[in-house]
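Peer 1: Pasting a structure here, questions to come.
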Amino acid sequence: MSAQDTTPDAERPSSNGLLLALAALIWLAAMLWSARASITGRADAEMEVTSTAYALPGAVSAALVAGAAVALAVISRWPSLGSTMRFVVATGTGLLLGLAGAATIVTINTEGWIYAVVGGTIAAAATIGGALAGFRQARVLGAVCWAAMGVFLVGFVINIFQDQVLNVLGSGDTQASQASAAQWFTFCQSLLSGLAAGLIGYKVLRRRGAAVPWPFYALAGGGPGLLLVIGEGLTRTAGSRVLDLAGKVSELETAVQSMLSGARFNSALIVLFVGAISATIAIGRTIRPAAEESEPEPAAIAD
């Protein structure tokens, strides 16, 4: 750090902010494309509604991370912005990204209110993510976004091998064994995601050499879980009409939506706490006690 530069390390944007923004945008685009393909590929209205409800949480979480990552990349171009303008630019960036993402869903059927609700929820998520970049903790938020990308990747890889993992966890021909295996599958995925979040958050901050107090490492590790909690809150509030409509398809669908909602929230809490704890342990292992000052030897007594 130069003598003239007094900006705390935690407030400095990461030099690979563009790479982070690109990765987050690719993930958001993939989630929106998947959601659109799933919705438009259904033959009847009921299946279209349930597919929309299933796709909403993932799209909201991706929009939160993308909004934060892109806003970080934008405000890094103007490091001298004041607090108010920084917040305005970051929030506006998130809003613009959210509107672009919302358009991909709303245009499925501009006369259907359900798509307007989904689009509005996605726009709100990206705006909130952008607003988070307005706080002067750029490196910490960047670490949170990288850790969140790690959580998304872990979930993607595990779900590719879902059938094999369920068989290992004891899924059989009975409903009881299948339900038990599904619960263990969700727990294991959440646990691995939390570990990945904690280690990635720690590594990003540590690799950048940022002089950050240790509680921020816990925030970097637990941040993805916190974003998942915020995303679930948006899904249950701004997107509640979509979930309610999906629940009216059948009694079974009502039970499924309730179960999935609870599972997502529990998973988010596991990622939050495991990520924070693992990052704290990781930084704790690098902290060394201050060397004890050696006591001066007594002066030799003259004969």
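Just remember, in the structure tokens the first chain shown is A, the second B, etc., residues are 1-based per chain, and ligands are 1-based in the order shown.
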Would you pick out the contacts of A:Ala71 at 7 Å or less, using only C-alpha atoms, so that residues sharing its chain but fewer than 4 positions from it are not included, and give the list as a PyMOL selection string?
Peer 2: chain A and resi 67+75+90+93-94+130+133
Peer 1: Write to file, as a compact mmCIF listing (two decimals), in the first residue's frame, the residues of the selection just made, with all heavy atoms.
Peer 2:
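The new file again_16.txt reads:
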# COMPACT_ATOMS: atom_id res chain seq x y z
N GLY A 67 -26.29 -9.76 -8.98
CA GLY A 67 -26.45 -8.34 -8.72
C GLY A 67 -25.30 -7.78 -7.91
O GLY A 67 -24.77 -6.70 -8.21
N ILE A 75 -18.64 -0.49 -9.64
CA ILE A 75 -18.15 0.56 -8.74
C ILE A 75 -16.64 0.52 -8.59
O ILE A 75 -16.03 1.51 -8.16
CB ILE A 75 -18.82 0.47 -7.36
CG1 ILE A 75 -18.49 -0.86 -6.67
CG2 ILE A 75 -20.32 0.68 -7.47
CD1 ILE A 75 -19.05 -0.95 -5.27
N ALA A 90 -24.40 1.32 -7.20
CA ALA A 90 -24.48 -0.13 -6.97
C ALA A 90 -25.92 -0.61 -7.05
O ALA A 90 -26.22 -1.63 -7.70
CB ALA A 90 -23.88 -0.48 -5.61
N THR A 93 -27.19 -0.45 -10.65
CA THR A 93 -26.64 -1.54 -11.45
C THR A 93 -27.42 -2.84 -11.21
O THR A 93 -27.77 -3.55 -12.15
CB THR A 93 -25.16 -1.76 -11.12
OG1 THR A 93 -24.42 -0.56 -11.38
CG2 THR A 93 -24.58 -2.90 -11.94
N GLY A 94 -27.69 -3.12 -9.94
CA GLY A 94 -28.47 -4.31 -9.62
C GLY A 94 -29.86 -4.25 -10.22
O GLY A 94 -30.38 -5.26 -10.72
N GLY A 130 -27.24 -5.83 -5.62
CA GLY A 130 -26.50 -4.64 -5.99
C GLY A 130 -26.34 -3.68 -4.83
O GLY A 130 -25.27 -3.10 -4.63
N ALA A 133 -23.45 -4.20 -2.52
CA ALA A 133 -22.15 -3.72 -2.98
C ALA A 133 -21.92 -2.27 -2.61
O ALA A 133 -20.79 -1.78 -2.73
CB ALA A 133 -22.04 -3.90 -4.49
Peer 1: Need the shell around stretch 200-202 of chain A: protein/DNA/RNA residues with any atom at most 8 Å away, counting only C-alpha atoms. Skip same-chain ones fewer than 3 positions apart. Format as a list of chain:residue names?
Peer 2: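 So the residues in contact are A:Ala143, A:Val144, A:Trp146, A:Ala147, A:Gly150, A:Ala196, A:Ala197, A:Leu205, A:Arg206, A:Tyr217, A:Ala220, A:Gly221, A:Ala279, A:Ala282, A:Ile283.
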Peer 1: So, counting only C-alpha atoms, which residue among A:Phe87, A:Ile39, A:Ser61, A:Ala218 is closest to A:Val106?
Peer 2: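 Distance minimum relative to A:Val106 lands on A:Ile39.
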Peer 1: Hey, what's within 8 Å of A:Leu132 if we count only C-alpha atoms and toss same-chain stuff fewer than 5 positions away? As a list in words, please?
Peer 2: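 Here the answer would be Ala68, Ala90, Thr91 and Leu141 of chain A.
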Peer 1: For A:Trp214, which residue among A:Ala148, A:Ala29, A:Leu153, A:Ala276 is the nearest when counting only C-alpha atoms?
Peer 2: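 For A:Trp214, the nearest of the candidates is A:Ala276.
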Peer 1: Looking only at alpha helix (DSSP H) from DSSP on the backbone, list the matching residues of stretch 70-255 of chain A as a ChimeraX atom specification.
Peer 2: /A:70-75,83-106,113-132,138-160,162-168,175-207,214-237,240-247,251-255
Peer 1: Using atom CA of A:Val157 and atom CA of A:Ala263 as the two end points, give the distance in Å to one decimal.
Peer 2: 18.9 Å
Peer 1: Between atom CA of A:Arg264 and atom CA of A:Gly223, what is the distance in Å, rounded to a tenth?
Peer 2: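 It comes out at 15.7 Å.
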Peer 1: Any idea what the distance is between atom CA of A:Ile128 and atom CA of A:Gly231?
Peer 2: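 For atom CA of A:Ile128 relative to atom CA of A:Gly231, the distance reads 9.9 Å.
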Peer 1: So, counting only C-alpha atoms, which residue among A:Val118, A:Ala131, A:Ala124, A:Leu56 is closest to A:Thr84?
Peer 2: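 Counting only C-alpha atoms, the residue closest to A:Thr84 is A:Ala131.
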Peer 1: Could you check the closest approach to A:Met47 for each of A:Val229, A:Val249, A:Val70, A:Ile108 and tell me which residue wins, using only C-alpha atoms?
Peer 2: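 The shortest atom-to-atom distance to A:Met47 comes from A:Val249.
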Peer 1: Can you tell me, as a PyMOL selection string, what residues are no more than 9 Å from A:Thr121 when counting only C-alpha atoms, ignoring any on the same chain fewer than 6 positions away?
Peer 2: chain A and resi 56+60+98+102+234-235+237-239
Peer 1: For a quick check of understanding, using only C-alpha atoms, which of A:Ala116, A:Leu28, A:Ala255, A:Val154 has the smallest distance to A:Ser193?
Peer 2: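 Of A:Ala116, A:Leu28, A:Ala255, A:Val154, the one nearest A:Ser193 is A:Val154, counting only C-alpha atoms.
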Peer 1: Quick one: of A:Ala73, A:Ile277, A:Ala176, A:Ala182, who's nearest to A:Asn159, counting only C-alpha atoms?
Peer 2: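 Ranking A:Ala73, A:Ile277, A:Ala176, A:Ala182 by distance to A:Asn159, first place goes to A:Ala182.
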